[in-house]
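Notes to accompany the following structure.
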Amino acid sequence: MRYPPCEVLRYGNEEKDQYVRLHRRKDNDEEAVFIIIHGGFWKENYSVENAGIDTLAPYILSSKEKKFAVAEIEYRRRESGGGWPNSCQDMLMAVEKVRARYFEHEDEEQQEQKNKEKIKKSIQFILLGHSAGGHGALFVANY
């Protein structure tokens, strides 16, 4: 299954391993964002590209009835400045970046219109993690 185009969000100070691939609906009208954190022994040779959990993204995105987006987190592993606690802190920064992305594009006119209509957009953020990514998801959920 093919991925739709994605937006790459950068976080932290590293160029290589601190980014999120955000796959959104064409209409940008999501009800939930699945945030996927890959596993791989915390080792460099396992990444968002090959760690297996990313294969869930196309299936989540293919739902016609549900309005889902998917964010895939890449983080520093042991060989590239990660390990405890840096890898988990990367995951936390990445989740904060994704959440901020959903609330940063409202200008004053849009905010005023929402206030008039008393509309509050509610988006669920759902963490999924495999192996080391599962450890990270539990760490992030604690904050």
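All residue names refer to the structure tokens as shown: chains lettered A, B, ... in order, residues numbered from 1 in each chain, ligands numbered from 1 in order.
If you count only C-alpha atoms and ignore residues fewer than 5 places along the chain from Arg76 in chain A, what sits within 8 Å of it is Asp17, Gln18, Glu44, Gly81, Gly82, Gly83, Asn86, Ser87 and Asp90 of chain A.
Summary of the local environment: counting only C-alpha atoms, residues at most 6 Å from range 127-129 of chain A, other than itself and those fewer than 2 positions away along its chain, are A:Ile35, A:Ile36, A:Ile37, A:His38, A:Gly133, A:Gly134, A:Ala137.
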For the residues in that selection, give me C-alpha atoms as a short mmCIF file (atom, residue, chain, number, x, y, z; two decimals), in the first residue's frame.
data_model
loop_
_atom_site.label_atom_id
_atom_site.label_comp_id
_atom_site.auth_asym_id
_atom_site.auth_seq_id
_atom_site.Cartn_x
_atom_site.Cartn_y
_atom_site.Cartn_z
CA ILE A 35 1.28 8.85 16.48
CA ILE A 36 3.49 5.87 15.66
CA ILE A 37 6.84 5.33 17.39
CA HIS A 38 9.00 2.63 15.83
CA GLY A 133 8.81 2.69 20.66
CA GLY A 134 6.40 1.15 23.16
CA ALA A 137 5.01 5.82 24.12
#
Kindly indicate which residue among A:Ala100, A:Val95, A:Ile60, A:Ala32 lies nearest to Gln124 in chain A, using only C-alpha atoms for the distances. A:Ala32
Report as a CSV table (one decimal) with all heavy atoms, in the first residue's frame: the residues of chain A with a DSSP assignment of alpha helix (DSSP H), based on the backbone of this structure.
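Listing of out_35.csv after writing:
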chain,number,residue,atom,x,y,z
A,56,LEU,N,1.7,0.1,9.4
A,56,LEU,CA,0.3,0.4,9.9
A,56,LEU,C,-0.2,1.7,9.3
A,56,LEU,O,-1.4,1.8,9.1
A,56,LEU,CB,0.3,0.5,11.4
A,56,LEU,CG,0.4,-0.8,12.2
A,56,LEU,CD1,0.5,-0.4,13.7
A,56,LEU,CD2,-0.7,-1.7,11.9
A,57,ALA,N,0.7,2.6,9.0
A,57,ALA,CA,0.2,3.9,8.6
A,57,ALA,C,-0.7,3.9,7.3
A,57,ALA,O,-1.8,4.5,7.4
A,57,ALA,CB,1.4,4.8,8.3
A,58,PRO,N,-0.3,3.2,6.3
A,58,PRO,CA,-1.2,3.2,5.1
A,58,PRO,C,-2.6,2.6,5.4
A,58,PRO,O,-3.6,3.0,4.9
A,58,PRO,CB,-0.5,2.3,4.1
A,58,PRO,CG,0.9,2.3,4.5
A,58,PRO,CD,0.9,2.4,6.0
A,59,TYR,N,-2.7,1.6,6.3
A,59,TYR,CA,-4.0,1.0,6.6
A,59,TYR,C,-4.8,1.9,7.5
A,59,TYR,O,-6.1,2.0,7.3
A,59,TYR,CB,-3.8,-0.4,7.3
A,59,TYR,CG,-3.1,-1.3,6.4
A,59,TYR,CD1,-1.8,-1.6,6.5
A,59,TYR,CD2,-3.8,-2.0,5.4
A,59,TYR,CE1,-1.1,-2.5,5.6
A,59,TYR,CE2,-3.2,-2.8,4.5
A,59,TYR,CZ,-1.9,-3.1,4.6
A,59,TYR,OH,-1.3,-3.9,3.7
A,60,ILE,N,-4.2,2.6,8.4
A,60,ILE,CA,-5.0,3.6,9.2
A,60,ILE,C,-5.5,4.7,8.3
A,60,ILE,O,-6.6,5.2,8.4
A,60,ILE,CB,-4.1,4.2,10.3
A,60,ILE,CG1,-3.7,3.1,11.3
A,60,ILE,CG2,-4.7,5.4,11.0
A,60,ILE,CD1,-2.6,3.5,12.3
A,61,LEU,N,-4.6,5.2,7.3
A,61,LEU,CA,-5.0,6.3,6.4
A,61,LEU,C,-6.1,5.9,5.4
A,61,LEU,O,-6.8,6.7,4.9
A,61,LEU,CB,-3.8,6.8,5.7
A,61,LEU,CG,-2.7,7.5,6.6
A,61,LEU,CD1,-1.4,7.6,5.9
A,61,LEU,CD2,-3.3,8.8,7.0
A,86,ASN,N,17.7,10.7,26.3
A,86,ASN,CA,17.6,11.5,25.1
A,86,ASN,C,16.6,11.0,24.1
A,86,ASN,O,15.8,11.7,23.5
A,86,ASN,CB,18.9,11.7,24.4
A,86,ASN,CG,19.9,12.5,25.3
A,86,ASN,OD1,19.5,13.1,26.2
A,86,ASN,ND2,21.2,12.4,25.0
A,87,SER,N,16.5,9.7,23.8
A,87,SER,CA,15.6,9.1,22.9
A,87,SER,C,14.1,9.4,23.3
A,87,SER,O,13.3,9.8,22.5
A,87,SER,CB,15.8,7.6,22.7
A,87,SER,OG,17.0,7.3,22.1
A,88,CYS,N,13.8,9.2,24.6
A,88,CYS,CA,12.5,9.5,25.1
A,88,CYS,C,12.2,11.0,25.1
A,88,CYS,O,11.0,11.3,24.8
A,88,CYS,CB,12.3,8.9,26.5
A,88,CYS,SG,12.2,7.1,26.5
A,89,GLN,N,13.2,11.8,25.3
A,89,GLN,CA,12.9,13.2,25.3
A,89,GLN,C,12.7,13.6,23.8
A,89,GLN,O,11.8,14.5,23.6
A,89,GLN,CB,14.1,14.0,25.9
A,89,GLN,CG,14.2,13.8,27.4
A,89,GLN,CD,15.4,14.4,28.0
A,89,GLN,OE1,16.4,14.6,27.3
A,89,GLN,NE2,15.4,14.6,29.3
A,90,ASP,N,13.3,13.0,22.9
A,90,ASP,CA,13.0,13.3,21.5
A,90,ASP,C,11.6,12.9,21.2
A,90,ASP,O,10.9,13.7,20.5
A,90,ASP,CB,13.9,12.4,20.6
A,90,ASP,CG,15.3,13.0,20.4
A,90,ASP,OD1,15.6,14.0,21.0
A,90,ASP,OD2,16.1,12.4,19.6
A,91,MET,N,11.1,11.8,21.6
A,91,MET,CA,9.8,11.4,21.4
A,91,MET,C,8.8,12.4,21.9
A,91,MET,O,7.8,12.7,21.3
A,91,MET,CB,9.5,10.0,21.9
A,91,MET,CG,10.3,8.9,21.3
A,91,MET,SD,10.2,7.3,22.2
A,91,MET,CE,11.6,6.4,21.5
A,92,LEU,N,9.1,12.8,23.1
A,92,LEU,CA,8.2,13.8,23.8
A,92,LEU,C,8.2,15.1,23.0
A,92,LEU,O,7.1,15.7,22.7
A,92,LEU,CB,8.7,14.1,25.2
A,92,LEU,CG,7.8,15.1,26.0
A,92,LEU,CD1,6.4,14.6,26.2
A,92,LEU,CD2,8.4,15.2,27.4
A,93,MET,N,9.3,15.6,22.5
A,93,MET,CA,9.4,16.8,21.7
A,93,MET,C,8.6,16.6,20.4
A,93,MET,O,8.0,17.5,19.9
A,93,MET,CB,10.8,17.2,21.4
A,93,MET,CG,11.6,17.8,22.5
A,93,MET,SD,13.2,18.6,22.0
A,93,MET,CE,14.1,17.1,21.6
A,94,ALA,N,8.7,15.4,19.8
A,94,ALA,CA,8.1,15.1,18.5
A,94,ALA,C,6.5,15.2,18.7
A,94,ALA,O,5.8,15.7,17.9
A,94,ALA,CB,8.5,13.8,18.0
A,95,VAL,N,6.1,14.6,19.8
A,95,VAL,CA,4.6,14.6,20.0
A,95,VAL,C,4.1,16.0,20.2
A,95,VAL,O,3.1,16.4,19.7
A,95,VAL,CB,4.2,13.7,21.2
A,95,VAL,CG1,2.8,13.9,21.6
A,95,VAL,CG2,4.5,12.2,20.8
A,96,GLU,N,4.9,16.8,21.0
A,96,GLU,CA,4.5,18.2,21.2
A,96,GLU,C,4.5,19.0,19.9
A,96,GLU,O,3.6,19.8,19.7
A,96,GLU,CB,5.5,18.9,22.2
A,96,GLU,CG,5.3,18.3,23.6
A,96,GLU,CD,6.3,18.8,24.6
A,96,GLU,OE1,7.3,19.5,24.1
A,96,GLU,OE2,6.2,18.6,25.8
A,97,LYS,N,5.4,18.7,19.0
A,97,LYS,CA,5.5,19.3,17.7
A,97,LYS,C,4.2,19.0,16.9
A,97,LYS,O,3.6,19.8,16.2
A,97,LYS,CB,6.7,18.9,16.9
A,97,LYS,CG,6.9,19.5,15.6
A,97,LYS,CD,7.4,21.0,15.8
A,97,LYS,CE,7.8,21.6,14.5
A,97,LYS,NZ,8.4,22.9,14.7
A,98,VAL,N,3.8,17.7,16.9
A,98,VAL,CA,2.6,17.3,16.2
A,98,VAL,C,1.4,18.0,16.7
A,98,VAL,O,0.6,18.5,16.0
A,98,VAL,CB,2.4,15.7,16.2
A,98,VAL,CG1,1.1,15.3,15.7
A,98,VAL,CG2,3.6,15.0,15.5
A,99,ARG,N,1.3,18.0,18.0
A,99,ARG,CA,0.1,18.6,18.7
A,99,ARG,C,0.1,20.1,18.3
A,99,ARG,O,-1.0,20.7,18.0
A,99,ARG,CB,0.1,18.4,20.2
A,99,ARG,CG,-0.2,17.0,20.6
A,99,ARG,CD,-0.1,16.8,22.1
A,99,ARG,NE,-0.9,17.8,22.8
A,99,ARG,CZ,-2.2,17.6,23.1
A,99,ARG,NH1,-2.8,16.6,22.7
A,99,ARG,NH2,-2.8,18.6,23.8
A,100,ALA,N,1.2,20.8,18.4
A,100,ALA,CA,1.3,22.2,18.0
A,100,ALA,C,0.9,22.5,16.6
A,100,ALA,O,0.3,23.5,16.3
A,100,ALA,CB,2.7,22.7,18.3
A,101,ARG,N,1.2,21.5,15.7
A,101,ARG,CA,0.9,21.7,14.3
A,101,ARG,C,-0.6,21.8,14.0
A,101,ARG,O,-1.0,22.5,13.1
A,101,ARG,CB,1.5,20.5,13.5
A,101,ARG,CG,1.2,20.6,12.0
A,101,ARG,CD,2.1,21.7,11.4
A,101,ARG,NE,2.0,21.7,10.0
A,101,ARG,CZ,1.0,22.4,9.4
A,101,ARG,NH1,0.2,23.2,10.1
A,101,ARG,NH2,0.9,22.5,8.1
A,108,GLU,N,-6.5,35.4,13.5
A,108,GLU,CA,-7.5,36.1,14.4
A,108,GLU,C,-8.9,35.9,13.8
A,108,GLU,O,-9.9,35.7,14.6
A,108,GLU,CB,-7.1,37.6,14.5
A,108,GLU,CG,-5.9,37.8,15.4
A,108,GLU,CD,-5.6,39.3,15.5
A,108,GLU,OE1,-6.6,40.1,15.5
A,108,GLU,OE2,-4.4,39.6,15.6
A,109,GLU,N,-9.1,36.0,12.5
A,109,GLU,CA,-10.4,35.9,12.0
A,109,GLU,C,-11.0,34.5,12.2
A,109,GLU,O,-12.2,34.4,12.6
A,109,GLU,CB,-10.4,36.2,10.5
A,109,GLU,CG,-11.7,36.3,9.8
A,109,GLU,CD,-11.6,36.6,8.3
A,109,GLU,OE1,-10.9,37.6,8.0
A,109,GLU,OE2,-12.3,36.0,7.5
A,110,GLN,N,-10.2,33.5,12.0
A,110,GLN,CA,-10.7,32.1,12.2
A,110,GLN,C,-11.0,31.9,13.7
A,110,GLN,O,-12.1,31.3,14.0
A,110,GLN,CB,-9.6,31.1,11.8
A,110,GLN,CG,-9.4,31.0,10.3
A,110,GLN,CD,-8.2,30.2,10.0
A,110,GLN,OE1,-7.2,30.2,10.6
A,110,GLN,NE2,-8.4,29.3,8.9
A,111,GLN,N,-10.2,32.4,14.6
A,111,GLN,CA,-10.5,32.3,16.0
A,111,GLN,C,-11.7,33.0,16.4
A,111,GLN,O,-12.5,32.5,17.2
A,111,GLN,CB,-9.3,32.8,16.8
A,111,GLN,CG,-9.4,32.5,18.3
A,111,GLN,CD,-9.4,31.0,18.6
A,111,GLN,OE1,-8.7,30.3,18.1
A,111,GLN,NE2,-10.3,30.6,19.5
A,112,GLU,N,-11.9,34.2,15.9
A,112,GLU,CA,-13.1,35.0,16.1
A,112,GLU,C,-14.4,34.2,15.7
A,112,GLU,O,-15.4,34.2,16.4
A,112,GLU,CB,-13.1,36.3,15.5
A,112,GLU,CG,-14.2,37.3,15.8
A,112,GLU,CD,-14.0,38.6,15.2
A,112,GLU,OE1,-12.9,39.2,15.2
A,112,GLU,OE2,-15.0,39.2,14.7
A,113,GLN,N,-14.3,33.6,14.5
A,113,GLN,CA,-15.4,32.9,13.9
A,113,GLN,C,-15.8,31.7,14.8
A,113,GLN,O,-16.9,31.4,15.1
A,113,GLN,CB,-15.1,32.4,12.5
A,113,GLN,CG,-16.3,31.7,11.9
A,113,GLN,CD,-17.5,32.6,11.6
A,113,GLN,OE1,-17.4,33.8,11.5
A,113,GLN,NE2,-18.7,32.0,11.6
A,114,LYS,N,-14.8,31.0,15.3
A,114,LYS,CA,-15.0,29.9,16.2
A,114,LYS,C,-15.6,30.3,17.5
A,114,LYS,O,-16.5,29.7,18.0
A,114,LYS,CB,-13.7,29.2,16.6
A,114,LYS,CG,-13.2,28.2,15.5
A,114,LYS,CD,-12.0,27.4,16.1
A,114,LYS,CE,-11.6,26.4,15.1
A,114,LYS,NZ,-10.5,25.6,15.6
A,115,ASN,N,-15.2,31.5,18.0
A,115,ASN,CA,-15.8,32.0,19.3
A,115,ASN,C,-17.2,32.3,19.1
A,115,ASN,O,-18.1,32.1,19.9
A,115,ASN,CB,-15.0,33.2,19.7
A,115,ASN,CG,-13.6,32.8,20.3
A,115,ASN,OD1,-13.4,31.7,20.6
A,115,ASN,ND2,-12.7,33.8,20.3
A,116,LYS,N,-17.5,32.9,17.9
A,116,LYS,CA,-18.9,33.3,17.6
A,116,LYS,C,-19.8,32.1,17.6
A,116,LYS,O,-20.9,32.0,18.1
A,116,LYS,CB,-19.0,34.0,16.3
A,116,LYS,CG,-18.6,35.5,16.4
A,116,LYS,CD,-18.7,36.1,15.0
A,116,LYS,CE,-18.2,37.6,15.1
A,116,LYS,NZ,-18.3,38.2,13.7
A,117,GLU,N,-19.3,31.0,16.9
A,117,GLU,CA,-20.1,29.8,16.7
A,117,GLU,C,-20.0,28.9,17.9
A,117,GLU,O,-20.6,27.8,18.0
A,117,GLU,CB,-19.7,29.1,15.4
A,117,GLU,CG,-19.9,29.9,14.2
A,117,GLU,CD,-19.4,29.3,13.0
A,117,GLU,OE1,-18.9,28.2,13.0
A,117,GLU,OE2,-19.4,30.0,11.9
A,132,ALA,N,11.0,-0.7,21.5
A,132,ALA,CA,11.5,0.5,22.1
A,132,ALA,C,10.6,1.7,22.0
A,132,ALA,O,10.5,2.5,22.8
A,132,ALA,CB,12.9,0.8,21.5
A,133,GLY,N,9.8,1.7,20.9
A,133,GLY,CA,8.8,2.7,20.7
A,133,GLY,C,7.7,2.6,21.7
A,133,GLY,O,7.1,3.6,22.0
A,134,GLY,N,7.4,1.4,22.1
A,134,GLY,CA,6.4,1.1,23.2
A,134,GLY,C,6.9,1.7,24.5
A,134,GLY,O,6.1,2.4,25.2
A,135,HIS,N,8.1,1.6,24.8
A,135,HIS,CA,8.7,2.2,26.0
A,135,HIS,C,8.6,3.7,25.9
A,135,HIS,O,8.2,4.4,26.8
A,135,HIS,CB,10.2,1.9,26.1
A,135,HIS,CG,10.5,0.4,26.3
A,135,HIS,ND1,11.7,-0.1,26.2
A,135,HIS,CD2,9.7,-0.6,26.6
A,135,HIS,CE1,11.7,-1.4,26.4
A,135,HIS,NE2,10.5,-1.7,26.6
A,136,GLY,N,8.9,4.2,24.7
A,136,GLY,CA,8.8,5.7,24.5
A,136,GLY,C,7.4,6.2,24.6
A,136,GLY,O,7.1,7.2,25.2
A,137,ALA,N,6.4,5.4,24.0
A,137,ALA,CA,5.0,5.8,24.1
A,137,ALA,C,4.5,5.9,25.6
A,137,ALA,O,3.8,6.8,26.0
A,137,ALA,CB,4.1,4.8,23.3
A,138,LEU,N,5.0,4.9,26.4
A,138,LEU,CA,4.6,5.0,27.8
A,138,LEU,C,5.2,6.2,28.5
A,138,LEU,O,4.6,6.8,29.3
A,138,LEU,CB,5.0,3.7,28.5
A,138,LEU,CG,4.2,2.5,28.1
A,138,LEU,CD1,4.8,1.2,28.7
A,138,LEU,CD2,2.7,2.6,28.6
A,139,PHE,N,6.5,6.5,28.2
A,139,PHE,CA,7.2,7.7,28.7
A,139,PHE,C,6.4,8.9,28.4
A,139,PHE,O,6.1,9.8,29.2
A,139,PHE,CB,8.6,7.7,28.2
A,139,PHE,CG,9.4,9.0,28.6
A,139,PHE,CD1,10.0,9.0,29.8
A,139,PHE,CD2,9.4,10.1,27.8
A,139,PHE,CE1,10.8,10.1,30.2
A,139,PHE,CE2,10.1,11.2,28.2
A,139,PHE,CZ,10.8,11.2,29.4
A,140,VAL,N,6.0,9.1,27.1
A,140,VAL,CA,5.3,10.3,26.6
A,140,VAL,C,4.0,10.4,27.2
A,140,VAL,O,3.5,11.4,27.6
A,140,VAL,CB,5.2,10.3,25.1
A,140,VAL,CG1,4.3,11.4,24.6
A,140,VAL,CG2,6.6,10.4,24.4
A,141,ALA,N,3.3,9.3,27.4
A,141,ALA,CA,1.9,9.3,27.9
A,141,ALA,C,1.9,9.7,29.4
A,141,ALA,O,0.9,10.2,29.9
A,141,ALA,CB,1.3,7.9,27.8
Could you find all residues in range 45-103 of chain A that DSSP calls strand (DSSP E or B) from the backbone, and write them as a ChimeraX atom specification? /A:68-74
Atom-to-atom span, CA of Phe34 in chain A and CA of Glu79 in chain A, Å: 27.2 Å
Residue neighbourhood Arg21 in chain A, 8 Å, only C-alpha atoms, exclusion window fewer than 6 positions, as a PyMOL selection string: chain A and resi 6-9+71-73
Export of the given selection (N, CA and C atoms) as a tab-separated table (two decimals), in the first residue's frame:
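Contents of part-v8.tsv, as written:
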chain	number	residue	atom	x	y	z
A	6	CYS	N	3.44	13.40	2.47
A	6	CYS	CA	3.50	13.78	3.88
A	6	CYS	C	4.23	15.10	4.04
A	7	GLU	N	3.99	15.69	5.19
A	7	GLU	CA	4.70	16.89	5.62
A	7	GLU	C	5.76	16.44	6.61
A	8	VAL	N	6.97	16.96	6.49
A	8	VAL	CA	8.04	16.62	7.42
A	8	VAL	C	8.16	17.75	8.43
A	9	LEU	N	7.98	17.40	9.70
A	9	LEU	CA	8.12	18.37	10.79
A	9	LEU	C	9.45	18.11	11.48
A	71	ALA	N	1.12	10.25	12.23
A	71	ALA	CA	2.42	10.88	12.43
A	71	ALA	C	3.42	9.79	12.79
A	72	GLU	N	4.49	9.69	12.03
A	72	GLU	CA	5.53	8.69	12.29
A	72	GLU	C	6.76	9.41	12.84
A	73	ILE	N	7.16	9.04	14.03
A	73	ILE	CA	8.26	9.72	14.71
A	73	ILE	C	9.59	9.04	14.43
Just how far from CA of Gly12 in chain A is CA of Asp27 in chain A, in Å to one decimal? 28.6 Å
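Among A:Arg77, A:Lys16, A:Arg25, A:Arg10, the residue with the shortest atom-to-atom distance to Lys64 in chain A, counting only C-alpha atoms, is A:Arg25.
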Which neighbours of Glu30 in chain A fall inside 10 Å, counting only C-alpha atoms, when residues of the same chain fewer than 3 positions from it are skipped, and could you give them as a JSON list (two decimals) with C-alpha atoms, in the first residue's frame?
[["chain", "number", "residue", "atom", "x", "y", "z"],
["A", 24, "ARG", "CA", -2.86, 14.17, 6.67],
["A", 25, "ARG", "CA", -6.15, 13.88, 4.86],
["A", 26, "LYS", "CA", -6.54, 15.98, 1.72],
["A", 27, "ASP", "CA", -9.18, 18.11, 3.45],
["A", 33, "VAL", "CA", -4.02, 11.46, 14.86],
["A", 66, "LYS", "CA", -12.96, 7.67, 9.84],
["A", 67, "LYS", "CA", -11.05, 10.91, 9.65],
["A", 68, "PHE", "CA", -7.54, 9.87, 10.66],
["A", 69, "ALA", "CA", -4.05, 11.25, 10.20],
["A", 70, "VAL", "CA", -0.78, 9.46, 10.99],
["A", 102, "TYR", "CA", -2.83, 21.23, 14.71],
["A", 121, "LYS", "CA", -12.42, 21.39, 17.50],
["A", 122, "SER", "CA", -11.53, 18.28, 19.40],
["A", 123, "ILE", "CA", -8.77, 16.05, 18.08],
["A", 124, "GLN", "CA", -7.67, 12.83, 19.72]]
Suppose you want the space between CA of Glu74 in chain A and CA of Ser47 in chain A; what is it in Å? 6.8 Å
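You can rank A:Ser63, A:His23, A:Ile126, A:Asn45 by their closest distance to Ser80 in chain A using only C-alpha atoms, and at the top of that list sits A:Asn45.
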